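Asks: Take this structure, written in structure tokens, and hold onto it; I'll ask about it next.
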Amino acid sequence: MSNETMDQDELDRQLAAMAGGGEDAPDGADDDKLAAEWEAALAGDDSKPSAGADKAQTDDDRLAADWAAALAGDEQQAMEDEREKKLAPSALDARFKDMTEAYKAPRPDGERRELDFILDIPLDVSAELGRTRLLINELLQLGQGSVVELNKLAGEPLEVYVNGKLVARGEAVVINEKFGVRLTDIISPIERVKQLG
């Protein structure tokens, strides 16, 4: 019997025969041969990795492959970051000249200020007495003499809007048979910024 063809059942049978001493028991000459076969079979089993060892080996290989992939990914990311740094223009902090003193300084009569050109830009100014919401049905029922109730109380100031932004409050007046608004409160820049949010 050779090492390659000897299976576990055959080994068990020979071991039982040796231990039991029955009619299948080998004689003394075969004991040495059988011992050598057992030793070779066991040595052959030691040289072959078991299933658990195979699994441990594949787990180690898989772990090593994962680490290699992660390190390669990190290295590639570092190379891409380095390339982006080289390609990206370097940004500098913006530095603006303080124009406060230059603006306040007196100018010669012939010289105009640089921002005077914006003085001719037209703006829409409107005064709002109040607001309300109507359903389409209510709107269709309006006719001459109908009264629309607004959200403001009598005596509350009107709101003055410039290009749709609230800039002041005031009271209604009549000047030369036309309505006007006497401003009583100018909205501060801080309040205007709060209204934008």
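Residue numbering restarts at 1 in every chain; chains get A, B, ... in the order shown in the structure tokens, and ligands count up from 1 in that same order.
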Find the residues of region 69-149 of chain A that sit at most 7 Å from region 153-158 of chain A; for each, write down the nearest two atoms and how far apart they are in Å, to one decimal. Count only C-alpha atoms. Sort by chain, then by number going up, and give it as a tab-separated table.

Replies:
residue	atom	partner	partner_atom	distance
A:Ala127	CA	A:Leu158	CA	6.4
A:Glu128	CA	A:Leu158	CA	5.7
A:Leu129	CA	A:Leu158	CA	5.2

Asks: Generate the output file for the selected residues, N, CA and C atoms, as a PDB file, in the first residue's frame.

Replies:
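Just written: result13.pdb:
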ATOM      1  N   ALA A 127     -45.916 103.736  -2.044  1.00  0.00           N
ATOM      2  CA  ALA A 127     -46.381 103.797  -0.652  1.00  0.00           C
ATOM      3  C   ALA A 127     -47.528 102.810  -0.505  1.00  0.00           C
ATOM      4  N   GLU A 128     -47.498 102.027   0.551  1.00  0.00           N
ATOM      5  CA  GLU A 128     -48.499 100.994   0.743  1.00  0.00           C
ATOM      6  C   GLU A 128     -49.367 101.325   1.948  1.00  0.00           C
ATOM      7  N   LEU A 129     -50.645 101.384   1.689  1.00  0.00           N
ATOM      8  CA  LEU A 129     -51.618 101.671   2.744  1.00  0.00           C
ATOM      9  C   LEU A 129     -51.887 100.423   3.583  1.00  0.00           C
TER      10      LEU A 129
END

Asks: Apply DSSP to the backbone of this structure and, from region 49-189 of chain A, keep only the residues in strand (DSSP E); write these as JSON, numbers by chain.

Replies: {"A": [125, 126, 127, 128, 158, 159, 160, 161, 162, 165, 166, 167, 168, 169, 170, 171, 172, 173, 174, 175, 178, 179, 180, 181, 182, 183, 184, 185, 186]}

Asks: Going by DSSP on the backbone, which bits of region 109-192 of chain A are helix (DSSP H, G or I)? Write them as a ChimeraX atom specification, please.

Replies: /A:116-120,136-141,189-192

Asks: Report, in Å with one decimal, the straight-line distance from CA of Leu134 (chain A) to CA of Val147 (chain A).

Replies: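 Between CA of Leu134 (chain A) and CA of Val147 (chain A) the gap is 12.2 Å.
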
Asks: Using only C-alpha atoms, which residues sit within 7 Å of Leu150 (chain A) once same-chain residues fewer than 6 positions away are excluded, as an MDAnalysis selection string?

Replies: chainID A and resid 130:132

Asks: Which of these residues is nearest to Ala35 (chain A), using only C-alpha atoms: A:Gln14, A:Ile118, A:Glu159, A:Gly143?

Replies: A:Gln14

Asks: Which one of A:Lys97, A:Val160, A:Val193, A:Val148 sits closest to Asp124 (chain A) if you count only C-alpha atoms?

Replies: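 Comparing A:Lys97, A:Val160, A:Val193, A:Val148 against Asp124 (chain A), the winner is A:Val160.
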
Asks: Calculated over only C-alpha atoms, which of the candidates A:Val174, A:Ala78, A:Trp38, A:Ala69 has the smallest distance to Asp12 (chain A)?

Replies: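 Of all the options, A:Trp38 lies closest to Asp12 (chain A).
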
Asks: Can you measure CA of Asp116 (chain A) to CA of Lys165 (chain A) for me? One decimal in Å is fine.

Replies: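 Calculated distance between CA of Asp116 (chain A) and CA of Lys165 (chain A) is 22.5 Å.
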
Asks: One decimal, Å: what's the distance from CA of Pro189 (chain A) over to CA of Pro122 (chain A), could you say?

Replies: 20.7 Å

Asks: Leaving out Ala168 (chain A) and any residue of its chain fewer than 2 positions from it, which residues lie within 8 Å of it when counting only C-alpha atoms, given as a list in words?

Replies: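 Selected residues are Glu159, Val160, Tyr161, Leu166, Gly170, Leu183, Thr184, Asp185, Ile186 and Ile187 of chain A.
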
Asks: Which residue, A:Arg83, A:Arg13, A:Lys33, A:Arg169, has the smallest gap to Ser126 (chain A) when you use only C-alpha atoms?

Replies: A:Arg169
